[in-house]
Structure formats: C-alpha cells, structure tokens
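Visitor: Data file entry.cif (mmCIF, C-alpha atoms) is appended below.
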```
data_run
#
loop_
_atom_site.label_atom_id
_atom_site.label_comp_id
_atom_site.auth_asym_id
_atom_site.auth_seq_id
_atom_site.Cartn_x
_atom_site.Cartn_y
_atom_site.Cartn_z
CA MET L 1431 0.00 0.00 0.00
CA ALA L 1432 1.29 3.44 -0.90
CA MET L 1433 2.44 5.37 2.17
CA ASN L 1434 2.90 8.75 0.49
CA GLY L 1435 -0.32 10.21 -0.90
CA ASP L 1436 1.26 13.02 -2.92
CA PRO L 1437 1.18 12.25 -6.66
CA HIS L 1438 4.52 11.02 -7.96
CA VAL L 1439 5.92 10.33 -11.41
CA LEU L 1440 7.94 7.14 -11.56
CA ILE L 1441 11.00 7.62 -13.76
CA VAL L 1442 12.35 4.43 -15.36
CA ALA L 1443 15.55 5.39 -17.16
CA GLY L 1444 19.33 5.43 -17.20
CA SER L 1445 21.68 7.83 -15.48
CA ASP L 1446 23.90 10.29 -17.34
CA SER L 1447 27.02 11.37 -15.50
CA SER L 1448 27.18 14.59 -17.54
CA GLY L 1449 23.68 15.59 -16.43
CA GLY L 1450 22.71 16.37 -20.00
CA ALA L 1451 20.10 13.64 -20.45
CA GLY L 1452 18.48 10.70 -18.71
CA ILE L 1453 17.27 10.76 -15.13
CA ALA L 1454 18.78 14.17 -14.35
CA ARG L 1455 16.67 15.82 -17.05
CA ASP L 1456 13.60 13.76 -16.12
CA VAL L 1457 13.64 14.85 -12.50
CA GLU L 1458 14.24 18.48 -13.49
CA ALA L 1459 11.22 18.46 -15.82
CA VAL L 1460 8.83 16.82 -13.36
CA SER L 1461 9.96 19.02 -10.49
CA ALA L 1462 9.29 22.14 -12.56
CA LEU L 1463 5.59 21.27 -12.36
CA GLY L 1464 5.73 20.87 -8.59
CA LEU L 1465 5.47 17.07 -8.62
CA ARG L 1466 7.66 14.54 -6.88
CA THR L 1467 9.57 11.72 -8.51
CA CYS L 1468 10.72 8.24 -7.63
CA LEU L 1469 13.19 6.19 -9.62
CA ALA L 1470 13.93 2.84 -11.19
CA VAL L 1471 17.44 3.00 -12.64
CA THR L 1472 17.93 0.83 -15.73
CA ALA L 1473 21.57 1.63 -16.50
CA VAL L 1474 24.53 3.59 -15.20
CA THR L 1475 26.43 5.39 -17.92
CA ILE L 1476 29.76 7.16 -18.04
CA GLN L 1477 29.39 9.93 -20.58
CA THR L 1478 30.24 13.48 -21.43
CA HIS L 1479 28.22 15.85 -23.59
CA ARG L 1480 30.02 14.40 -26.62
CA SER L 1481 30.41 10.68 -26.07
CA VAL L 1482 29.23 7.63 -24.13
CA GLU L 1483 32.29 5.92 -22.69
CA HIS L 1484 30.74 3.02 -20.77
CA ILE L 1485 27.34 1.52 -19.94
CA GLU L 1486 26.58 -0.79 -17.02
CA TYR L 1487 23.09 -2.27 -17.30
CA ILE L 1488 21.07 -3.03 -14.19
CA ALA L 1489 19.78 -6.61 -13.93
CA PRO L 1490 16.17 -6.87 -15.15
CA ASP L 1491 14.90 -8.31 -11.86
CA LEU L 1492 16.35 -5.32 -10.04
CA VAL L 1493 14.67 -2.92 -12.47
CA ALA L 1494 11.32 -4.58 -11.82
CA ALA L 1495 11.96 -4.65 -8.06
CA GLN L 1496 12.70 -0.91 -8.04
CA MET L 1497 9.47 -0.20 -9.89
CA ARG L 1498 7.38 -2.36 -7.57
CA ALA L 1499 8.97 -0.76 -4.51
CA ALA L 1500 8.18 2.71 -5.82
CA LEU L 1501 4.60 1.73 -6.65
CA ALA L 1502 4.16 0.24 -3.18
CA SER L 1503 5.61 3.29 -1.43
CA ASN L 1504 3.96 6.18 -3.24
CA THR L 1505 0.89 7.25 -5.15
CA ILE L 1506 2.20 6.87 -8.69
CA ALA L 1507 0.08 8.99 -11.03
CA ALA L 1508 2.18 8.44 -14.17
CA ILE L 1509 5.28 6.60 -15.37
CA LYS L 1510 7.95 7.84 -17.74
CA ILE L 1511 10.14 5.23 -19.44
CA GLY L 1512 13.40 6.08 -21.17
CA MET L 1513 16.55 4.06 -21.77
CA LEU L 1514 16.06 0.31 -21.23
CA GLY L 1515 18.96 -1.24 -23.12
CA THR L 1516 18.25 -4.96 -23.05
CA VAL L 1517 15.53 -7.48 -23.85
CA GLY L 1518 15.35 -8.42 -20.18
CA ALA L 1519 14.77 -4.84 -19.09
CA VAL L 1520 12.01 -4.38 -21.66
CA GLU L 1521 10.30 -7.57 -20.47
CA ALA L 1522 10.69 -6.57 -16.82
CA VAL L 1523 9.16 -3.13 -17.32
CA ALA L 1524 6.30 -4.59 -19.38
CA SER L 1525 5.53 -7.09 -16.63
CA VAL L 1526 5.22 -4.33 -14.03
CA LEU L 1527 3.10 -2.13 -16.29
CA SER L 1528 0.72 -5.02 -16.88
CA GLU L 1529 0.16 -5.18 -13.12
CA HIS L 1530 -0.87 -1.48 -13.03
CA PRO L 1531 -2.96 -0.86 -16.18
CA SER L 1532 -4.63 2.26 -14.73
CA VAL L 1533 -1.32 4.16 -14.41
CA PRO L 1534 -0.52 5.99 -17.68
CA ALA L 1535 2.97 5.45 -19.04
CA VAL L 1536 4.90 7.55 -21.55
CA LEU L 1537 7.64 5.72 -23.46
CA ASP L 1538 10.53 7.58 -25.05
CA PRO L 1539 11.94 4.71 -27.17
CA VAL L 1540 15.60 5.60 -26.66
CA MET L 1541 17.74 3.70 -29.16
CA ALA L 1542 20.90 5.77 -29.51
CA SER L 1543 22.67 8.63 -27.79
CA SER L 1544 23.15 12.01 -29.43
CA SER L 1545 26.72 10.92 -30.19
CA GLY L 1546 25.47 7.79 -31.98
CA ARG L 1547 26.16 5.13 -29.34
CA LEU L 1548 23.51 2.38 -29.41
CA LEU L 1549 21.47 2.35 -26.19
CA LEU L 1550 19.02 -0.44 -27.08
CA ALA L 1551 20.11 -3.89 -28.19
CA GLN L 1552 18.94 -4.78 -31.70
CA GLU L 1553 17.25 -7.92 -30.43
CA ALA L 1554 15.23 -5.86 -27.95
CA ILE L 1555 13.41 -3.82 -30.60
CA ASP L 1556 10.82 -6.50 -31.45
CA THR L 1557 10.14 -7.09 -27.75
CA LEU L 1558 9.71 -3.36 -27.24
CA LYS L 1559 7.15 -3.25 -30.05
CA THR L 1560 5.15 -6.33 -29.06
CA ASP L 1561 5.36 -6.41 -25.25
CA LEU L 1562 5.84 -2.85 -24.00
CA MET L 1563 4.61 -0.24 -26.46
CA PRO L 1564 0.95 -1.39 -26.50
CA LEU L 1565 0.84 -0.94 -22.70
CA CYS L 1566 1.87 2.72 -22.88
CA ARG L 1567 -0.47 5.68 -23.09
CA LEU L 1568 1.95 7.38 -25.47
CA VAL L 1569 5.10 6.50 -27.43
CA THR L 1570 7.32 9.41 -28.55
CA PRO L 1571 9.73 8.42 -31.35
CA ASN L 1572 11.86 10.89 -33.24
CA LEU L 1573 12.24 10.36 -36.99
CA PRO L 1574 15.27 7.99 -36.82
CA GLU L 1575 13.52 5.93 -34.12
CA LEU L 1576 10.31 5.90 -36.14
CA ALA L 1577 12.18 4.50 -39.13
CA ILE L 1578 13.71 1.74 -37.00
CA LEU L 1579 10.39 0.85 -35.37
CA THR L 1580 8.68 0.58 -38.76
CA ASP L 1581 11.66 -1.05 -40.51
CA THR L 1582 11.71 1.68 -43.16
CA LEU L 1583 13.96 4.50 -44.32
CA HIS L 1584 14.19 7.86 -42.57
CA ALA L 1585 11.12 9.89 -43.56
CA ARG L 1586 11.95 12.60 -46.08
CA ASP L 1587 8.89 14.71 -45.37
CA GLU L 1588 5.79 14.88 -43.19
CA THR L 1589 3.77 12.70 -45.55
CA GLU L 1590 6.21 9.83 -45.16
CA ALA L 1591 6.48 10.41 -41.41
CA LEU L 1592 2.69 10.29 -41.05
CA HIS L 1593 2.54 7.08 -43.07
CA GLN L 1594 5.14 5.50 -40.76
CA GLY L 1595 3.40 6.85 -37.67
CA ARG L 1596 0.02 5.46 -38.69
CA PHE L 1597 1.61 2.10 -39.48
CA LEU L 1598 3.08 2.05 -35.97
CA LEU L 1599 -0.17 3.19 -34.39
CA ASN L 1600 -2.14 0.48 -36.19
CA SER L 1601 0.13 -2.20 -34.75
CA GLY L 1602 -1.82 -1.83 -31.50
CA LEU L 1603 -0.57 1.36 -29.87
CA GLN L 1604 -2.74 3.79 -27.93
CA ALA L 1605 -1.09 6.95 -29.28
CA VAL L 1606 2.09 8.05 -31.07
CA LEU L 1607 3.82 11.43 -30.96
CA ILE L 1608 6.09 11.87 -33.97
CA LYS L 1609 8.82 14.30 -32.93
CA GLY L 1610 10.03 16.66 -35.62
CA GLY L 1611 13.40 17.65 -34.27
CA HIS L 1612 15.23 15.81 -37.06
CA SER L 1613 13.11 17.28 -39.85
CA PRO L 1614 14.31 20.17 -42.06
CA GLY L 1615 12.90 23.67 -42.05
CA PRO L 1616 12.62 26.63 -39.67
CA ASN L 1617 10.04 24.95 -37.43
CA SER L 1618 10.07 21.81 -35.32
CA THR L 1619 6.64 20.22 -35.68
CA ASP L 1620 5.50 17.28 -33.56
CA VAL L 1621 2.42 15.34 -34.64
CA LEU L 1622 0.11 13.46 -32.28
CA LEU L 1623 -1.64 10.42 -33.74
CA CYS L 1624 -4.53 8.70 -31.96
CA PRO L 1625 -6.83 5.99 -33.33
CA ASP L 1626 -9.72 7.34 -35.42
CA GLU L 1627 -8.73 10.97 -34.79
CA THR L 1628 -7.32 13.74 -36.97
CA PRO L 1629 -3.56 14.30 -36.45
CA VAL L 1630 -2.77 17.21 -34.15
CA ARG L 1631 0.30 19.32 -34.91
CA PHE L 1632 2.39 21.22 -32.38
CA ASN L 1633 4.72 23.83 -33.85
CA ALA L 1634 7.66 25.70 -32.40
CA PRO L 1635 10.52 27.65 -33.98
CA ARG L 1636 13.62 25.52 -34.36
CA ILE L 1637 16.37 26.34 -31.89
CA THR L 1638 19.86 26.14 -33.37
CA GLY L 1639 22.88 24.70 -31.61
CA GLU L 1640 23.77 21.42 -29.95
CA MET L 1641 21.11 20.19 -27.53
CA ARG L 1642 20.84 17.05 -25.44
CA GLY L 1643 18.04 15.69 -23.33
CA THR L 1644 15.16 17.25 -25.26
CA GLY L 1645 13.41 13.91 -25.73
CA CYS L 1646 13.85 13.03 -22.06
CA MET L 1647 12.38 16.33 -20.93
CA LEU L 1648 9.49 16.23 -23.36
CA ALA L 1649 8.37 12.73 -22.34
CA SER L 1650 8.81 13.50 -18.64
CA THR L 1651 6.82 16.71 -18.88
CA ILE L 1652 4.03 14.92 -20.74
CA ALA L 1653 4.00 12.26 -18.00
CA ALA L 1654 3.86 14.98 -15.33
CA HIS L 1655 0.86 16.61 -16.98
CA LEU L 1656 -0.84 13.21 -17.27
CA ALA L 1657 -0.26 12.83 -13.53
CA LEU L 1658 -2.10 16.12 -13.06
CA GLY L 1659 -5.08 14.78 -15.01
CA ASP L 1660 -4.71 16.81 -18.23
CA SER L 1661 -5.93 15.47 -21.57
CA LEU L 1662 -3.28 13.92 -23.79
CA GLU L 1663 -3.45 16.75 -26.31
CA ASP L 1664 -3.08 19.38 -23.59
CA CYS L 1665 -0.21 17.39 -22.07
CA VAL L 1666 1.72 17.42 -25.32
CA ARG L 1667 0.99 21.10 -25.98
CA SER L 1668 2.16 22.15 -22.51
CA ALA L 1669 5.24 19.93 -22.68
CA LYS L 1670 6.24 21.23 -26.10
CA ARG L 1671 6.00 24.80 -24.81
CA TYR L 1672 8.01 24.00 -21.67
CA VAL L 1673 10.86 22.31 -23.55
CA PHE L 1674 11.01 25.13 -26.10
CA ASP L 1675 11.13 27.81 -23.39
CA ARG L 1676 13.72 25.87 -21.36
CA TYR L 1677 16.14 25.35 -24.25
CA ARG L 1678 15.64 28.84 -25.62
CA GLN L 1679 17.01 30.10 -22.31
CA LEU L 1680 20.03 27.83 -22.69
CA ALA L 1681 20.70 28.63 -26.35
#
```
How does this structure look as structure tokens?

Guide:
Amino acid sequence: MAMNGDPHVLIVAGSDSSGGAGIARDVEAVSALGLRTCLAVTAVTIQTHRSVEHIEYIAPDLVAAQMRAALASNTIAAIKIGMLGTVGAVEAVASVLSEHPSVPAVLDPVMASSSGRLLLAQEAIDTLKTDLMPLCRLVTPNLPELAILTDTLHARDETEALHQGRFLLNSGLQAVLIKGGHSPGPNSTDVLLCPDETPVRFNAPRITGEMRGTGCMLASTIAAHLALGDSLEDCVRSAKRYVFDRYRQLA
C-alpha cells in the first residue's frame, strides 16, 4: 500500500554522469511542475556531452523490483520510461506495467545517444514493439527511431512520417507522438496520432545549436501533466512549450 499520498511520477531510465540527459533531465522536468519523482534505474552510464564511454546495465529483476517498490511506497500517477537497453529490461518493465494498467505510461523509445552510441540492443526492438509499447499511453519516437520501429527508411517529409506513424499506431498502440526535431525547415513540428482521430500538430521555432536531453524532458513533462489529469493533447501542448522555453534560455 502506498504510504505517500502526494502524486509522484515514476522515472524508469538510465543515469547520465554529464547531467545532459536521462534521469537528471527527467527529475528536473517533473519538479518544474511541482510534482515529486521516484526512480527505477535501468543503467549507469559514463558519458560526457560528446560521447558515451561506458554503460553498465542493471539486472532486469532489479529494475522490476525498483518499480514495484516505488509503486508500493507512493501514489504513482504516471510513469515515464526512457533508456532500457536490453531485452530483459524491456520484459521486466512490461511485466510491471501489466500489473498497473490504470497508471498511464509515456515511453521515449531511446535507441541511440546524441553521439550515436547504441542504447538499445537490436534484439530488444521487437520485444519493445510487441510487449511494451501497447501498454503505454503514449510513445514518442523521433524520426530515426520511427524509421527503425517501422523497418523503413528515414522519412523525407511529413507525408512519409505520417505514413510511418500510422503504421506504428495500427500495430496496436494507444497513441504516437512523432517528434520533428530531425526534420528540415525553420520549425520543429511534432504530430500526435490517436486511433480514429485527426492528427494534431504542435509547432515551435527551431532552436539552433547542440542540444541534449530534449526527448527526455518532453516525455517526462508529458507524464507529469498526465499525472495532473490533463488530456493527452493538452499534455503534449504544454510539454512542447516547456521544452522550447527551457532550451531557448540555454541557447
């Protein structure tokens, strides 16, 4: 039974010793909305802002045990899932989510670092698609991740991205947010796809320069707004605005 009645967001992700991404960014984003967090660490990484030097994965049973302990100790109103790394971790997280179907989860399907280091084993992708993604309220792939998840080439324009997104959605997902950070043009446009609904676009001017952790912060902020009871569309809109404002200050 949960002992702490304040709403919490459970962060399931890897650490980043540079503080530029991962759990550090997740906690920052959730805390900005006045909510508390609890953690299930999936991996410990040694990295700078330019490279990932080493990854130590946490055993899947320990990942699941951390999640169950957090869920038993606190009122978990939403779950944010980031780096998982291995088939075992994907299976472990899916097993815990299946025990708590009323808690909305947001999955950022992290597959590679900004420097290009693979963060999800190739053999884990199918398990992610079949076992975990259908359990999540929202999945938030960027364009390279969307191409991998649909086994296609990188989308050249929004038409191709929407085709890939709908294909992914129709595989049994609840909702997909196609992130436009890797698309060309002066604006970064994210598109929310839900079954039997018109796509909803969220626009923001593109911020130039090197940025890390944007996907982490976006998914965490969406999860925090879900924890507050907002509609999915409002969650995405508010999160998009928060991430834009935060990185504009840093640019």

Visitor: State, in Å with one decimal place, the distance from CA of Leu1440 (chain L) to CA of Leu1656 (chain L).

Guide: 12.1 Å

Visitor: So what does the PyMOL selection byres ((chain L and resi 1669) around 8) actually pick up in this one, as a PyMOL selection string?

Guide: chain L and resi 1648-1649+1651-1652+1655+1665-1668+1670-1673

Visitor: Between L:Glu1553, L:Glu1458, L:Glu1588, L:Asp1538, which one has atoms that come closest to Gly1512 (chain L), using all atoms listed in the file?

Guide: L:Asp1538

Visitor: Would you list the contacts of Asp1456 (chain L) as a ChimeraX atom specification, taking every protein, DNA or RNA residue within 7 Å and counting only C-alpha atoms, but skipping same-chain residues closer than 4 positions in sequence?

Guide: /L:1452,1460,1646-1647,1650

Visitor: CA of Val1442 (chain L) and CA of Arg1636 (chain L), how far apart in Å?

Guide: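 The value is 28.4 Å.
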
Visitor: Quick one: residues within 12 Å of (8.5, -6.0, -7.9) (file frame), counting only C-alpha atoms, please, as an NGL selection string.

Guide: :L and (1470 or 1490-1503 or 1522-1530)

Visitor: How about saving the chosen residues, C-alpha atoms kept, as a PDB file, in the frame of the given file?

Guide:
```pdb
ATOM      1  CA  ALA L1470      13.930   2.840 -11.190  1.00  0.00           C
ATOM      2  CA  PRO L1490      16.170  -6.870 -15.150  1.00  0.00           C
ATOM      3  CA  ASP L1491      14.900  -8.310 -11.860  1.00  0.00           C
ATOM      4  CA  LEU L1492      16.350  -5.320 -10.040  1.00  0.00           C
ATOM      5  CA  VAL L1493      14.670  -2.920 -12.470  1.00  0.00           C
ATOM      6  CA  ALA L1494      11.320  -4.580 -11.820  1.00  0.00           C
ATOM      7  CA  ALA L1495      11.960  -4.650  -8.060  1.00  0.00           C
ATOM      8  CA  GLN L1496      12.700  -0.910  -8.040  1.00  0.00           C
ATOM      9  CA  MET L1497       9.470  -0.200  -9.890  1.00  0.00           C
ATOM     10  CA  ARG L1498       7.380  -2.360  -7.570  1.00  0.00           C
ATOM     11  CA  ALA L1499       8.970  -0.760  -4.510  1.00  0.00           C
ATOM     12  CA  ALA L1500       8.180   2.710  -5.820  1.00  0.00           C
ATOM     13  CA  LEU L1501       4.600   1.730  -6.650  1.00  0.00           C
ATOM     14  CA  ALA L1502       4.160   0.240  -3.180  1.00  0.00           C
ATOM     15  CA  SER L1503       5.610   3.290  -1.430  1.00  0.00           C
ATOM     16  CA  ALA L1522      10.690  -6.570 -16.820  1.00  0.00           C
ATOM     17  CA  VAL L1523       9.160  -3.130 -17.320  1.00  0.00           C
ATOM     18  CA  ALA L1524       6.300  -4.590 -19.380  1.00  0.00           C
ATOM     19  CA  SER L1525       5.530  -7.090 -16.630  1.00  0.00           C
ATOM     20  CA  VAL L1526       5.220  -4.330 -14.030  1.00  0.00           C
ATOM     21  CA  LEU L1527       3.100  -2.130 -16.290  1.00  0.00           C
ATOM     22  CA  SER L1528       0.720  -5.020 -16.880  1.00  0.00           C
ATOM     23  CA  GLU L1529       0.160  -5.180 -13.120  1.00  0.00           C
ATOM     24  CA  HIS L1530      -0.870  -1.480 -13.030  1.00  0.00           C
TER      25      HIS L1530
END
```

Visitor: What does the distance between CA of His1438 (chain L) and CA of Thr1505 (chain L) come to in Å, to one decimal place?

Guide: 5.9 Å

Visitor: Take the PyMOL selection byres ((chain L and resi 1620) around 6), apply it to the structure above, and return the hits as a PyMOL selection string.

Guide: chain L and resi 1608-1610+1619+1621+1631-1632

Visitor: Could you check which of L:Val1569, L:Ile1441, L:Asp1626, L:Ser1481 is closest to Ala1508 (chain L), using only C-alpha atoms?

Guide: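 Residue with the minimum atom-to-atom distance to Ala1508 (chain L): L:Ile1441.
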
Visitor: Within 9 Å of Ala1535 (chain L), counting all atoms listed in the file, which residues qualify if same-chain residues fewer than 2 places away don't, as a CSV table (one decimal) with C-alpha atoms, in the frame of the given file?

Guide:
```csv
chain,number,residue,atom,x,y,z
L,1508,ALA,CA,2.2,8.4,-14.2
L,1509,ILE,CA,5.3,6.6,-15.4
L,1510,LYS,CA,8.0,7.8,-17.7
L,1511,ILE,CA,10.1,5.2,-19.4
L,1527,LEU,CA,3.1,-2.1,-16.3
L,1533,VAL,CA,-1.3,4.2,-14.4
L,1537,LEU,CA,7.6,5.7,-23.5
L,1565,LEU,CA,0.8,-0.9,-22.7
L,1566,CYS,CA,1.9,2.7,-22.9
L,1567,ARG,CA,-0.5,5.7,-23.1
L,1568,LEU,CA,2.0,7.4,-25.5
L,1569,VAL,CA,5.1,6.5,-27.4
L,1653,ALA,CA,4.0,12.3,-18.0
L,1656,LEU,CA,-0.8,13.2,-17.3
```

Visitor: Could you tell me, as a VMD selection string, exactly which residues end up selected when the PyMOL selection byres ((chain L and resi 1554-1560) around 10) is applied to this structure?

Guide: chain L and resid 1514 to 1521 1523 to 1524 1539 1541 1550 to 1553 1561 to 1565 1578 to 1580 1598 1601 to 1603

Visitor: Quick one: of L:Ala1657, L:Ala1634, L:Leu1548, L:Ala1577, who's nearest to Phe1674 (chain L), counting all atoms listed in the file?

Guide: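 Of the candidates, the smallest distance to Phe1674 (chain L) is held by L:Ala1634.
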
Visitor: Could you pull region 1517-1545 of chain L out of the structure I just pasted and write it to a file containing N, CA, C and O atoms, as a CSV table (one decimal), in the first residue's frame?

Guide:
```csv
chain,number,residue,atom,x,y,z
L,1517,VAL,N,16.8,-6.7,-23.8
L,1517,VAL,CA,15.5,-7.5,-23.8
L,1517,VAL,C,15.0,-7.7,-22.5
L,1517,VAL,O,13.8,-7.5,-22.2
L,1518,GLY,N,15.8,-8.1,-21.5
L,1518,GLY,CA,15.4,-8.4,-20.2
L,1518,GLY,C,14.7,-7.2,-19.5
L,1518,GLY,O,13.7,-7.3,-18.8
L,1519,ALA,N,15.3,-6.1,-19.7
L,1519,ALA,CA,14.8,-4.8,-19.1
L,1519,ALA,C,13.4,-4.5,-19.7
L,1519,ALA,O,12.5,-4.1,-19.0
L,1520,VAL,N,13.3,-4.6,-21.0
L,1520,VAL,CA,12.0,-4.4,-21.7
L,1520,VAL,C,10.9,-5.3,-21.1
L,1520,VAL,O,9.8,-4.9,-20.8
L,1521,GLU,N,11.3,-6.6,-21.0
L,1521,GLU,CA,10.3,-7.6,-20.5
L,1521,GLU,C,9.9,-7.3,-19.0
L,1521,GLU,O,8.8,-7.4,-18.6
L,1522,ALA,N,10.9,-6.9,-18.2
L,1522,ALA,CA,10.7,-6.6,-16.8
L,1522,ALA,C,9.8,-5.4,-16.7
L,1522,ALA,O,8.8,-5.4,-15.9
L,1523,VAL,N,10.0,-4.3,-17.4
L,1523,VAL,CA,9.2,-3.1,-17.3
L,1523,VAL,C,7.7,-3.4,-17.8
L,1523,VAL,O,6.8,-3.0,-17.2
L,1524,ALA,N,7.6,-4.2,-18.9
L,1524,ALA,CA,6.3,-4.6,-19.4
L,1524,ALA,C,5.5,-5.4,-18.3
L,1524,ALA,O,4.3,-5.2,-18.2
L,1525,SER,N,6.2,-6.3,-17.6
L,1525,SER,CA,5.5,-7.1,-16.6
L,1525,SER,C,5.0,-6.2,-15.5
L,1525,SER,O,3.9,-6.5,-15.0
L,1526,VAL,N,5.7,-5.2,-15.1
L,1526,VAL,CA,5.2,-4.3,-14.0
L,1526,VAL,C,4.1,-3.5,-14.5
L,1526,VAL,O,3.1,-3.3,-13.8
L,1527,LEU,N,4.2,-2.9,-15.7
L,1527,LEU,CA,3.1,-2.1,-16.3
L,1527,LEU,C,1.8,-2.9,-16.4
L,1527,LEU,O,0.7,-2.4,-16.1
L,1528,SER,N,1.9,-4.2,-16.8
L,1528,SER,CA,0.7,-5.0,-16.9
L,1528,SER,C,0.0,-5.2,-15.5
L,1528,SER,O,-1.2,-5.5,-15.5
L,1529,GLU,N,0.8,-5.1,-14.5
L,1529,GLU,CA,0.2,-5.2,-13.1
L,1529,GLU,C,-0.6,-3.9,-12.7
L,1529,GLU,O,-1.3,-3.9,-11.7
L,1530,HIS,N,-0.3,-2.8,-13.4
L,1530,HIS,CA,-0.9,-1.5,-13.0
L,1530,HIS,C,-1.4,-0.8,-14.3
L,1530,HIS,O,-1.0,0.3,-14.7
L,1531,PRO,N,-2.5,-1.4,-14.9
L,1531,PRO,CA,-3.0,-0.9,-16.2
L,1531,PRO,C,-3.6,0.5,-16.1
L,1531,PRO,O,-3.7,1.2,-17.1
L,1532,SER,N,-4.0,1.0,-14.9
L,1532,SER,CA,-4.6,2.3,-14.7
L,1532,SER,C,-3.6,3.4,-14.6
L,1532,SER,O,-4.0,4.6,-14.7
L,1533,VAL,N,-2.3,3.1,-14.5
L,1533,VAL,CA,-1.3,4.2,-14.4
L,1533,VAL,C,-0.8,4.5,-15.8
L,1533,VAL,O,-0.2,3.6,-16.4
L,1534,PRO,N,-1.0,5.7,-16.3
L,1534,PRO,CA,-0.5,6.0,-17.7
L,1534,PRO,C,1.0,6.0,-17.8
L,1534,PRO,O,1.7,6.6,-16.9
L,1535,ALA,N,1.5,5.5,-18.8
L,1535,ALA,CA,3.0,5.4,-19.0
L,1535,ALA,C,3.3,6.1,-20.4
L,1535,ALA,O,2.6,5.9,-21.4
L,1536,VAL,N,4.4,6.9,-20.3
L,1536,VAL,CA,4.9,7.5,-21.6
L,1536,VAL,C,6.3,6.9,-21.9
L,1536,VAL,O,7.2,6.9,-21.0
L,1537,LEU,N,6.4,6.4,-23.1
L,1537,LEU,CA,7.6,5.7,-23.5
L,1537,LEU,C,8.4,6.6,-24.5
L,1537,LEU,O,7.9,6.8,-25.6
L,1538,ASP,N,9.6,7.0,-24.1
L,1538,ASP,CA,10.5,7.6,-25.1
L,1538,ASP,C,11.4,6.4,-25.5
L,1538,ASP,O,12.3,6.0,-24.8
L,1539,PRO,N,11.2,5.9,-26.8
L,1539,PRO,CA,11.9,4.7,-27.2
L,1539,PRO,C,13.4,5.0,-27.5
L,1539,PRO,O,13.8,5.0,-28.7
L,1540,VAL,N,14.2,5.2,-26.5
L,1540,VAL,CA,15.6,5.6,-26.7
L,1540,VAL,C,16.4,4.5,-27.3
L,1540,VAL,O,16.5,3.4,-26.8
L,1541,MET,N,17.0,4.7,-28.4
L,1541,MET,CA,17.7,3.7,-29.2
L,1541,MET,C,19.2,4.0,-29.4
L,1541,MET,O,20.0,3.2,-29.6
L,1542,ALA,N,19.5,5.3,-29.3
L,1542,ALA,CA,20.9,5.8,-29.5
L,1542,ALA,C,21.1,7.1,-28.8
L,1542,ALA,O,20.2,7.9,-28.6
L,1543,SER,N,22.3,7.3,-28.4
L,1543,SER,CA,22.7,8.6,-27.8
L,1543,SER,C,22.8,9.7,-28.9
L,1543,SER,O,22.9,9.4,-30.1
L,1544,SER,N,22.9,10.9,-28.5
L,1544,SER,CA,23.1,12.0,-29.4
L,1544,SER,C,24.5,11.8,-30.2
L,1544,SER,O,24.6,12.3,-31.3
L,1545,SER,N,25.4,11.2,-29.5
L,1545,SER,CA,26.7,10.9,-30.2
L,1545,SER,C,26.7,9.7,-31.1
L,1545,SER,O,27.7,9.4,-31.8
```
